[in-house]
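Novice: Contents are mmCIF, C-alpha atoms; file name target38.cif:
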data_start
#
loop_
_atom_site.group_PDB
_atom_site.id
_atom_site.type_symbol
_atom_site.label_atom_id
_atom_site.label_comp_id
_atom_site.auth_asym_id
_atom_site.auth_seq_id
_atom_site.Cartn_x
_atom_site.Cartn_y
_atom_site.Cartn_z
ATOM 1 C CA MET L 237 -8.998 -36.693 -68.660
ATOM 2 C CA THR L 238 -5.921 -38.541 -67.471
ATOM 3 C CA PRO L 239 -5.858 -39.932 -63.931
ATOM 4 C CA PRO L 240 -3.225 -37.449 -62.608
ATOM 5 C CA ILE L 241 -5.225 -34.471 -63.826
ATOM 6 C CA LEU L 242 -8.442 -35.903 -62.427
ATOM 7 C CA LEU L 243 -6.750 -36.507 -59.081
ATOM 8 C CA ALA L 244 -5.470 -32.927 -59.022
ATOM 9 C CA VAL L 245 -8.940 -31.543 -59.772
ATOM 10 C CA LEU L 246 -10.510 -33.657 -57.061
ATOM 11 C CA LEU L 247 -7.830 -32.602 -54.586
ATOM 12 C CA PHE L 248 -8.396 -28.956 -55.492
ATOM 13 C CA LEU L 249 -12.153 -29.293 -55.001
ATOM 14 C CA ALA L 250 -11.604 -31.019 -51.660
ATOM 15 C CA VAL L 251 -9.356 -28.198 -50.456
ATOM 16 C CA ILE L 252 -11.877 -25.563 -51.577
ATOM 17 C CA THR L 253 -14.650 -27.441 -49.778
ATOM 18 C CA LEU L 254 -12.649 -27.663 -46.565
ATOM 19 C CA LEU L 255 -11.729 -23.985 -46.699
ATOM 20 C CA LYS L 256 -15.359 -23.096 -47.278
ATOM 21 C CA GLY L 257 -16.239 -24.582 -43.895
ATOM 22 C CA VAL L 258 -13.722 -22.424 -42.009
ATOM 23 C CA GLY L 259 -15.209 -19.507 -40.061
ATOM 24 C CA ILE L 260 -13.725 -16.752 -37.896
ATOM 25 C CA ASN L 261 -15.506 -14.815 -35.163
ATOM 26 C CA GLN L 262 -14.252 -11.550 -33.753
ATOM 27 C CA GLU L 263 -14.049 -11.182 -29.981
ATOM 28 C CA TYR L 264 -17.434 -9.417 -29.915
ATOM 29 C CA GLN L 265 -19.159 -11.992 -32.157
ATOM 30 C CA ARG L 266 -20.843 -15.337 -31.577
ATOM 31 C CA ALA L 267 -22.001 -17.816 -34.237
ATOM 32 C CA VAL L 268 -25.301 -19.689 -33.806
ATOM 33 C CA ILE L 269 -24.930 -22.963 -35.737
ATOM 34 C CA TYR L 270 -27.739 -24.806 -37.515
ATOM 35 C CA ARG L 271 -27.010 -28.371 -38.688
ATOM 36 C CA LEU L 272 -29.547 -29.486 -41.257
ATOM 37 C CA GLY L 273 -31.931 -26.945 -39.776
ATOM 38 C CA ARG L 274 -31.489 -28.008 -36.151
ATOM 39 C CA LEU L 275 -29.753 -25.881 -33.532
ATOM 40 C CA ALA L 276 -26.200 -26.971 -32.697
ATOM 41 C CA GLU L 277 -23.676 -25.662 -30.218
ATOM 42 C CA PRO L 278 -22.870 -21.926 -30.661
ATOM 43 C CA LYS L 279 -19.321 -20.998 -31.555
ATOM 44 C CA GLY L 280 -17.311 -18.423 -29.627
ATOM 45 C CA PRO L 281 -14.626 -16.015 -30.829
ATOM 46 C CA GLY L 282 -11.768 -17.264 -32.944
ATOM 47 C CA LEU L 283 -11.475 -19.962 -35.608
ATOM 48 C CA TYR L 284 -14.136 -22.661 -36.053
ATOM 49 C CA TRP L 285 -15.072 -25.171 -38.730
ATOM 50 C CA LEU L 286 -18.449 -26.007 -40.233
ATOM 51 C CA ILE L 287 -19.476 -29.061 -42.194
ATOM 52 C CA PRO L 288 -19.840 -27.713 -45.748
ATOM 53 C CA TYR L 289 -23.369 -27.775 -47.169
ATOM 54 C CA VAL L 290 -24.646 -29.153 -43.842
ATOM 55 C CA ASP L 291 -24.010 -26.427 -41.271
ATOM 56 C CA ARG L 292 -25.170 -22.810 -41.430
ATOM 57 C CA ALA L 293 -23.881 -20.048 -39.137
ATOM 58 C CA VAL L 294 -25.724 -16.893 -38.044
ATOM 59 C CA LYS L 295 -23.380 -14.329 -36.497
ATOM 60 C CA VAL L 296 -24.570 -12.186 -33.610
ATOM 61 C CA ASP L 297 -22.918 -8.942 -32.473
ATOM 62 C CA LEU L 298 -22.593 -8.649 -28.679
ATOM 63 C CA ARG L 299 -21.606 -4.977 -28.567
ATOM 64 C CA THR L 300 -23.845 -2.393 -26.907
ATOM 65 C CA VAL L 301 -26.217 -0.597 -29.252
ATOM 66 C CA THR L 302 -27.290 3.007 -28.623
ATOM 67 C CA VAL L 303 -30.786 3.980 -29.761
ATOM 68 C CA SER L 304 -32.473 7.390 -29.585
ATOM 69 C CA LEU L 305 -36.187 6.885 -29.044
ATOM 70 C CA PRO L 306 -38.443 9.152 -31.103
ATOM 71 C CA THR L 307 -40.410 11.821 -29.240
ATOM 72 C CA GLN L 308 -43.533 10.337 -27.682
ATOM 73 C CA GLU L 309 -46.706 12.322 -26.946
ATOM 74 C CA THR L 310 -48.469 10.965 -23.883
ATOM 75 C CA ILE L 311 -50.459 12.049 -20.818
ATOM 76 C CA THR L 312 -49.278 11.934 -17.218
ATOM 77 C CA LYS L 313 -51.270 10.436 -14.369
ATOM 78 C CA ASP L 314 -52.710 13.860 -13.454
ATOM 79 C CA GLY L 315 -53.844 14.555 -17.022
ATOM 80 C CA VAL L 316 -51.044 16.803 -18.359
ATOM 81 C CA ALA L 317 -50.053 16.301 -21.996
ATOM 82 C CA VAL L 318 -46.270 16.032 -22.375
ATOM 83 C CA LYS L 319 -43.722 15.239 -25.067
ATOM 84 C CA VAL L 320 -40.818 13.063 -23.989
ATOM 85 C CA ASN L 321 -37.867 11.314 -25.623
ATOM 86 C CA ALA L 322 -35.185 9.017 -24.265
ATOM 87 C CA THR L 323 -31.952 7.198 -25.042
ATOM 88 C CA LEU L 324 -31.614 3.415 -24.797
ATOM 89 C CA TRP L 325 -28.500 1.231 -24.475
ATOM 90 C CA HIS L 326 -28.930 -2.517 -25.004
ATOM 91 C CA LYS L 327 -26.905 -5.574 -26.032
ATOM 92 C CA VAL L 328 -27.376 -9.278 -26.749
ATOM 93 C CA SER L 329 -26.848 -11.450 -23.685
ATOM 94 C CA ASP L 330 -28.042 -14.800 -25.121
ATOM 95 C CA PRO L 331 -27.201 -15.284 -28.826
ATOM 96 C CA VAL L 332 -29.409 -18.370 -29.163
ATOM 97 C CA LEU L 333 -32.523 -16.579 -27.903
ATOM 98 C CA ALA L 334 -31.650 -13.457 -29.884
ATOM 99 C CA VAL L 335 -31.754 -15.474 -33.118
ATOM 100 C CA ASN L 336 -34.531 -17.974 -32.377
ATOM 101 C CA ALA L 337 -36.974 -16.119 -30.126
ATOM 102 C CA VAL L 338 -37.600 -12.955 -32.151
ATOM 103 C CA ARG L 339 -37.457 -11.719 -35.709
ATOM 104 C CA GLU L 340 -36.030 -8.221 -36.326
ATOM 105 C CA ARG L 341 -34.648 -8.029 -32.825
ATOM 106 C CA ASP L 342 -33.635 -4.358 -32.859
ATOM 107 C CA ILE L 343 -37.047 -3.242 -34.116
ATOM 108 C CA ALA L 344 -38.768 -5.304 -31.432
ATOM 109 C CA VAL L 345 -36.634 -3.720 -28.693
ATOM 110 C CA LEU L 346 -37.318 -0.242 -30.075
ATOM 111 C CA GLN L 347 -41.075 -0.809 -30.142
ATOM 112 C CA ALA L 348 -41.023 -2.227 -26.611
ATOM 113 C CA ALA L 349 -39.010 0.778 -25.402
ATOM 114 C CA GLU L 350 -41.495 3.255 -26.884
ATOM 115 C CA THR L 351 -44.426 1.411 -25.279
ATOM 116 C CA SER L 352 -42.669 1.188 -21.914
ATOM 117 C CA LEU L 353 -41.821 4.894 -22.065
ATOM 118 C CA ARG L 354 -45.464 5.872 -22.576
ATOM 119 C CA ASP L 355 -46.581 3.491 -19.830
ATOM 120 C CA ALA L 356 -43.998 4.830 -17.365
ATOM 121 C CA ILE L 357 -45.026 8.431 -18.014
ATOM 122 C CA GLY L 358 -48.694 7.544 -17.593
ATOM 123 C CA GLN L 359 -48.040 6.017 -14.158
ATOM 124 C CA HIS L 360 -46.526 9.197 -12.663
ATOM 125 C CA GLU L 361 -47.763 12.705 -12.000
ATOM 126 C CA LEU L 362 -46.034 15.702 -13.546
ATOM 127 C CA ASP L 363 -44.431 16.851 -10.282
ATOM 128 C CA HIS L 364 -42.915 13.413 -9.774
ATOM 129 C CA LEU L 365 -41.554 13.373 -13.324
ATOM 130 C CA LEU L 366 -39.855 16.728 -12.783
ATOM 131 C CA LYS L 367 -38.465 16.021 -9.309
ATOM 132 C CA ASP L 368 -37.535 12.323 -9.488
ATOM 133 C CA ARG L 369 -36.101 11.717 -12.944
ATOM 134 C CA LEU L 370 -33.848 8.921 -11.650
ATOM 135 C CA GLY L 371 -36.798 7.056 -10.145
ATOM 136 C CA VAL L 372 -38.732 7.263 -13.405
ATOM 137 C CA ASN L 373 -35.675 5.989 -15.320
ATOM 138 C CA ALA L 374 -35.383 3.043 -12.932
ATOM 139 C CA LYS L 375 -39.077 2.201 -13.378
ATOM 140 C CA LEU L 376 -38.754 2.430 -17.156
ATOM 141 C CA MET L 377 -35.676 0.206 -17.179
ATOM 142 C CA ASP L 378 -37.423 -2.423 -15.040
ATOM 143 C CA MET L 379 -40.427 -2.538 -17.378
ATOM 144 C CA LEU L 380 -38.274 -2.744 -20.496
ATOM 145 C CA SER L 381 -35.880 -5.351 -19.052
ATOM 146 C CA ARG L 382 -38.724 -7.764 -18.389
ATOM 147 C CA ALA L 383 -39.895 -7.440 -21.981
ATOM 148 C CA ALA L 384 -36.444 -7.805 -23.575
ATOM 149 C CA LEU L 385 -35.185 -10.642 -21.386
ATOM 150 C CA LYS L 386 -37.203 -13.267 -23.246
ATOM 151 C CA TRP L 387 -35.498 -12.153 -26.467
ATOM 152 C CA GLY L 388 -31.996 -12.673 -25.083
ATOM 153 C CA VAL L 389 -31.409 -8.900 -24.869
ATOM 154 C CA GLU L 390 -29.998 -7.102 -21.830
ATOM 155 C CA ILE L 391 -30.869 -3.453 -21.168
ATOM 156 C CA ASP L 392 -27.776 -1.575 -20.004
ATOM 157 C CA ALA L 393 -29.506 1.745 -19.334
ATOM 158 C CA VAL L 394 -32.392 3.932 -20.428
ATOM 159 C CA GLU L 395 -32.624 7.647 -19.636
ATOM 160 C CA ILE L 396 -35.250 10.284 -20.323
ATOM 161 C CA ARG L 397 -33.566 13.212 -22.087
ATOM 162 C CA ASP L 398 -36.189 15.902 -22.683
ATOM 163 C CA LEU L 399 -39.579 16.465 -21.095
ATOM 164 C CA ASP L 400 -41.593 19.169 -22.847
ATOM 165 C CA ILE L 401 -44.725 20.508 -21.158
ATOM 166 C CA PRO L 402 -47.269 23.085 -22.416
ATOM 167 C CA GLU L 403 -46.333 26.758 -22.074
ATOM 168 C CA GLN L 404 -49.353 27.460 -19.874
ATOM 169 C CA MET L 405 -48.245 24.744 -17.476
ATOM 170 C CA GLN L 406 -44.715 26.159 -17.448
ATOM 171 C CA ARG L 407 -46.083 29.543 -16.307
ATOM 172 C CA ALA L 408 -48.163 27.838 -13.628
ATOM 173 C CA LEU L 409 -45.117 25.939 -12.368
ATOM 174 C CA ALA L 410 -43.098 29.180 -12.314
ATOM 175 C CA ARG L 411 -45.762 30.906 -10.207
ATOM 176 C CA GLU L 412 -45.910 27.916 -7.870
ATOM 177 C CA ALA L 413 -42.124 27.903 -7.454
ATOM 178 C CA GLU L 414 -42.093 31.661 -6.776
ATOM 179 C CA ALA L 415 -44.833 31.330 -4.152
ATOM 180 C CA THR L 416 -42.969 28.449 -2.509
ATOM 181 C CA ARG L 417 -39.724 30.443 -2.327
ATOM 182 C CA GLU L 418 -41.547 33.461 -0.884
ATOM 183 C CA ALA L 419 -43.213 31.298 1.759
ATOM 184 C CA LYS L 420 -39.852 29.777 2.725
ATOM 185 C CA ALA L 421 -38.304 33.264 2.961
ATOM 186 C CA ARG L 422 -41.061 34.425 5.309
ATOM 187 C CA ILE L 423 -40.679 31.343 7.477
ATOM 188 C CA ILE L 424 -36.896 31.827 7.710
ATOM 189 C CA LYS L 425 -37.377 35.519 8.616
ATOM 190 C CA ALA L 426 -39.930 34.647 11.297
ATOM 191 C CA GLU L 427 -37.636 31.977 12.741
ATOM 192 C CA GLY L 428 -34.800 34.537 12.865
ATOM 193 C CA GLU L 429 -36.987 37.060 14.682
ATOM 194 C CA LEU L 430 -38.090 34.369 17.140
ATOM 195 C CA ALA L 431 -34.470 33.412 17.864
ATOM 196 C CA ALA L 432 -33.536 37.088 18.325
ATOM 197 C CA ALA L 433 -36.468 37.617 20.717
ATOM 198 C CA LYS L 434 -35.435 34.596 22.804
ATOM 199 C CA THR L 435 -31.874 35.925 22.981
ATOM 200 C CA LEU L 436 -33.091 39.369 24.072
ATOM 201 C CA VAL L 437 -35.231 37.795 26.792
ATOM 202 C CA GLU L 438 -32.257 35.824 28.069
ATOM 203 C CA ALA L 439 -30.089 38.965 28.023
ATOM 204 C CA ALA L 440 -32.755 40.974 29.901
ATOM 205 C CA LEU L 441 -33.078 38.261 32.546
ATOM 206 C CA SER L 442 -29.289 38.131 32.954
ATOM 207 C CA ILE L 443 -28.999 41.936 33.280
ATOM 208 C CA GLY L 444 -31.968 42.131 35.685
ATOM 209 C CA ALA L 445 -30.474 39.473 37.947
ATOM 210 C CA THR L 446 -27.137 41.332 38.339
ATOM 211 C CA PRO L 447 -27.097 44.689 40.246
ATOM 212 C CA GLY L 448 -25.346 47.430 38.332
ATOM 213 C CA ALA L 449 -25.322 45.493 35.060
ATOM 214 C CA LEU L 450 -27.895 47.830 33.530
ATOM 215 C CA ASP L 451 -25.835 50.881 34.502
ATOM 216 C CA LEU L 452 -22.730 49.332 32.955
ATOM 217 C CA ARG L 453 -24.697 48.627 29.797
ATOM 218 C CA ARG L 454 -25.786 52.271 29.653
ATOM 219 C CA LEU L 455 -22.198 53.453 30.064
ATOM 220 C CA GLN L 456 -21.108 51.093 27.293
ATOM 221 C CA THR L 457 -23.824 52.472 25.031
ATOM 222 C CA ILE L 458 -22.685 56.051 25.815
ATOM 223 C CA ALA L 459 -19.096 55.097 24.961
ATOM 224 C CA GLU L 460 -20.204 53.574 21.647
ATOM 225 C CA VAL L 461 -22.292 56.608 20.754
ATOM 226 C CA GLY L 462 -19.528 58.991 21.834
ATOM 227 C CA ALA L 463 -17.147 57.485 19.322
ATOM 228 C CA GLU L 464 -18.805 59.719 16.708
ATOM 229 C CA HIS L 465 -17.616 63.340 17.195
ATOM 230 C CA ASN L 466 -19.824 64.974 14.596
ATOM 231 C CA SER L 467 -23.008 65.317 16.699
ATOM 232 C CA THR L 468 -24.207 66.298 20.185
ATOM 233 C CA ILE L 469 -26.247 63.680 22.032
ATOM 234 C CA VAL L 470 -28.276 64.342 25.202
ATOM 235 C CA ILE L 471 -28.980 61.289 27.356
ATOM 236 C CA ALA L 472 -31.257 61.236 30.408
ATOM 237 C CA LEU L 473 -29.798 59.100 33.194
ATOM 238 C CA PRO L 474 -31.620 57.692 36.232
ATOM 239 C CA ASP L 475 -31.175 59.574 39.540
ATOM 240 C CA ALA L 476 -29.097 56.834 41.089
ATOM 241 C CA MET L 477 -26.765 56.677 38.141
ATOM 242 C CA ALA L 478 -26.566 60.497 38.005
ATOM 243 C CA ALA L 479 -25.630 60.660 41.710
ATOM 244 C CA THR L 480 -23.025 57.996 41.162
ATOM 245 C CA GLY L 481 -21.660 59.934 38.207
ATOM 246 C CA ALA L 482 -21.537 63.141 40.273
ATOM 247 C CA GLN L 483 -19.649 61.412 43.045
ATOM 248 C CA ILE L 484 -17.159 60.018 40.576
ATOM 249 C CA GLY L 485 -16.735 63.482 39.036
ATOM 250 C CA ALA L 486 -16.161 65.106 42.424
ATOM 251 C CA ALA L 487 -13.610 62.488 43.382
ATOM 252 C CA LEU L 488 -11.730 63.058 40.166
ATOM 253 C CA ALA L 489 -11.837 66.848 40.696
ATOM 254 C CA HIS L 490 -10.292 66.636 44.182
ATOM 255 C CA ARG L 491 -7.693 64.043 43.195
ATOM 256 C CA PRO L 492 -4.182 65.474 43.734
ATOM 257 C CA THR L 493 -2.241 66.064 40.552
#
The structure given in the file should be rewritten as structure tokens.
Specialist:
Amino acid sequence: MTPPILLAVLLFLAVITLLKGVGINQEYQRAVIYRLGRLAEPKGPGLYWLIPYVDRAVKVDLRTVTVSLPTQETITKDGVAVKVNATLWHKVSDPVLAVNAVRERDIAVLQAAETSLRDAIGQHELDHLLKDRLGVNAKLMDMLSRAALKWGVEIDAVEIRDLDIPEQMQRALAREAEATREAKARIIKAEGELAAAKTLVEAALSIGATPGALDLRRLQTIAEVGAEHNSTIVIALPDAMAATGAQIGAALAHRPT
């Protein structure tokens, strides 16, 4: 091989080698670099260069991952068997830990989420699970975050979706809710009757303290009843009110026209 051809081949191989060390990360990617097996500085988004045959890059995706947890059968604190599933959102917060601290990172997070879900359900009674879903979600997220933090994973959110309870327990809860509503209705009715009685007492005291107020109230009642012209109503009046009515009638009869 002549020297010019040999030089061209060597130059071509050198260019190929240099190009082989060029890497590109997307904005949502990070590259964890190993130099002869030892951890080097991670590379951010954009263009970077590796030493060929010396450096090795492991790319890590930083985007949020959505995982639907399989239905878990567990028992609440008060001994009720339930079936529950949830949705988990997580992402890598530390690429170095995510690569070096755990193998099969996504599987590890999924297993930890299932365990934390069963533990969270077992720490609460059924009534609390039904009434305070947000509190249970917060407890579950706290338990899972502590487990995933050492793997360089951040838990964005975790929410319980469905909580299935036995049919017999559903009927019991329905009867309990109906009894509670009926008790509240009776209490509200009793409070209304008490308020009405207090108002009537106040009205009676006000009428009794004012002379002639009772007679005026009777006349008002007669006027209200007399608005209906389809019946005849007989009302017994006290002697004093009858005498007063007679005097008023006589005065009207003798009034000049």
Novice: Counting only C-alpha atoms, select every polymer residue within 12 Å of (-44.6, 18.7, -8.9) as defined in the file's coordinates, and provide the selection as a PDB file with C-alpha atoms, keeping the file's coordinate frame.
Specialist:
ATOM      1  CA  THR L 312     -49.278  11.934 -17.218  1.00  0.00           C
ATOM      2  CA  LYS L 313     -51.270  10.436 -14.369  1.00  0.00           C
ATOM      3  CA  ASP L 314     -52.710  13.860 -13.454  1.00  0.00           C
ATOM      4  CA  VAL L 316     -51.044  16.803 -18.359  1.00  0.00           C
ATOM      5  CA  HIS L 360     -46.526   9.197 -12.663  1.00  0.00           C
ATOM      6  CA  GLU L 361     -47.763  12.705 -12.000  1.00  0.00           C
ATOM      7  CA  LEU L 362     -46.034  15.702 -13.546  1.00  0.00           C
ATOM      8  CA  ASP L 363     -44.431  16.851 -10.282  1.00  0.00           C
ATOM      9  CA  HIS L 364     -42.915  13.413  -9.774  1.00  0.00           C
ATOM     10  CA  LEU L 365     -41.554  13.373 -13.324  1.00  0.00           C
ATOM     11  CA  LEU L 366     -39.855  16.728 -12.783  1.00  0.00           C
ATOM     12  CA  LYS L 367     -38.465  16.021  -9.309  1.00  0.00           C
ATOM     13  CA  ASP L 368     -37.535  12.323  -9.488  1.00  0.00           C
ATOM     14  CA  ARG L 369     -36.101  11.717 -12.944  1.00  0.00           C
ATOM     15  CA  MET L 405     -48.245  24.744 -17.476  1.00  0.00           C
ATOM     16  CA  GLN L 406     -44.715  26.159 -17.448  1.00  0.00           C
ATOM     17  CA  ALA L 408     -48.163  27.838 -13.628  1.00  0.00           C
ATOM     18  CA  LEU L 409     -45.117  25.939 -12.368  1.00  0.00           C
ATOM     19  CA  ALA L 410     -43.098  29.180 -12.314  1.00  0.00           C
ATOM     20  CA  GLU L 412     -45.910  27.916  -7.870  1.00  0.00           C
ATOM     21  CA  ALA L 413     -42.124  27.903  -7.454  1.00  0.00           C
ATOM     22  CA  THR L 416     -42.969  28.449  -2.509  1.00  0.00           C
TER      23      THR L 416
END
Novice: Edge lengths and centre in Å to one decimal, as AutoDock Vina command-line options, of the axis-aligned box that encloses all listed atoms of range 383-390 of chain L with 5 Å added on every side?
Specialist:
--center_x -34.9 --center_y -10.2 --center_z -23.9 --size_x 19.9 --size_y 16.2 --size_z 15.1
Novice: Could you check the closest approach to Leu346 in chain L for each of L:Glu429, L:Val318, L:Leu370, L:Val389 and tell me which residue wins, using only C-alpha atoms?
Specialist: L:Val389
Novice: Can you tell me, as a ChimeraX atom specification, what residues are no more than 12 Å from Ala383 in chain L when counting all atoms listed in the file, ignoring any on the same chain fewer than 5 positions away?
Specialist: /L:338,344-352,376-378,388-391
Novice: Hey, can you check how far CA of Arg266 in chain L sits from CA of Pro281 in chain L?
Specialist: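 Separation of CA of Arg266 in chain L and CA of Pro281 in chain L: 6.3 Å.
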Novice: As a list in words, please: the residues near Leu333 in chain L (cut-off 8 Å, all atoms listed in the file, same-chain neighbours under 2 positions excluded).
Specialist: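 Using all atoms listed in the file, the neighbours found are Asp330, Pro331, Val335, Asn336, Ala337, Val338, Lys386, Trp387 and Gly388 of chain L.
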Novice: To one decimal place in Å, what is the distance between CA of Leu254 in chain L and CA of Gly273 in chain L?
Specialist: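 Calculated distance between CA of Leu254 in chain L and CA of Gly273 in chain L is 20.5 Å.
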Novice: The PyMOL selection byres ((chain L and resi 299) around 9) - which residues does that actually catch in the file I just gave you? List them as a CSV table (one decimal) with C-alpha atoms, keeping the file's coordinate frame.
Specialist:
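Contents of selection.csv, freshly written:
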chain,number,residue,atom,x,y,z
L,264,TYR,CA,-17.4,-9.4,-29.9
L,265,GLN,CA,-19.2,-12.0,-32.2
L,297,ASP,CA,-22.9,-8.9,-32.5
L,298,LEU,CA,-22.6,-8.6,-28.7
L,300,THR,CA,-23.8,-2.4,-26.9
L,301,VAL,CA,-26.2,-0.6,-29.3
L,326,HIS,CA,-28.9,-2.5,-25.0
L,327,LYS,CA,-26.9,-5.6,-26.0
L,328,VAL,CA,-27.4,-9.3,-26.7
Novice: Could you tell me how far CA of Lys375 in chain L lies from CA of Thr310 in chain L, in Å and to one decimal?
Specialist: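 Separating CA of Lys375 in chain L from CA of Thr310 in chain L is a distance of 16.6 Å.
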Novice: Can you list, as a list of chain:residue names, every protein, DNA or RNA residue that comes within 9 Å of Ala393 in chain L when you count all atoms listed in the file, leaving out same-chain residues fewer than 6 positions away?
Specialist: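 Near neighbours after the sequence-gap exclusion: L:Thr323, L:Leu324, L:Trp325, L:His326, L:Asn373, L:Ala374, L:Met377.
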Novice: Using the chain letters and numbering of this document, enumerate as number ranges by chain the residues selected by the PyMOL selection byres ((chain L and resi 319) around 7).
Specialist: L: 307-310, 318, 320, 399-401
Novice: Taking the file as shown, what set of residues would the PyMOL selection byres ((chain L and resi 255) around 12) give back, as a tab-separated table (two decimals) with C-alpha atoms, in the frame of the given file?
Specialist:
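Contents of out-v2.tsv, as written:
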chain	number	residue	atom	x	y	z
L	248	PHE	CA	-8.40	-28.96	-55.49
L	249	LEU	CA	-12.15	-29.29	-55.00
L	250	ALA	CA	-11.60	-31.02	-51.66
L	251	VAL	CA	-9.36	-28.20	-50.46
L	252	ILE	CA	-11.88	-25.56	-51.58
L	253	THR	CA	-14.65	-27.44	-49.78
L	254	LEU	CA	-12.65	-27.66	-46.56
L	256	LYS	CA	-15.36	-23.10	-47.28
L	257	GLY	CA	-16.24	-24.58	-43.90
L	258	VAL	CA	-13.72	-22.42	-42.01
L	259	GLY	CA	-15.21	-19.51	-40.06
L	260	ILE	CA	-13.72	-16.75	-37.90
L	283	LEU	CA	-11.48	-19.96	-35.61
L	284	TYR	CA	-14.14	-22.66	-36.05
L	285	TRP	CA	-15.07	-25.17	-38.73
L	286	LEU	CA	-18.45	-26.01	-40.23
L	287	ILE	CA	-19.48	-29.06	-42.19
L	288	PRO	CA	-19.84	-27.71	-45.75
Novice: Using only C-alpha atoms, what residues lie at most 8 Å away from (-22.9, -25.0, -35.5) (file coordinates), given as an MDAnalysis selection string?
Specialist: chainID L and resid 267:271 275:279 286 291:293
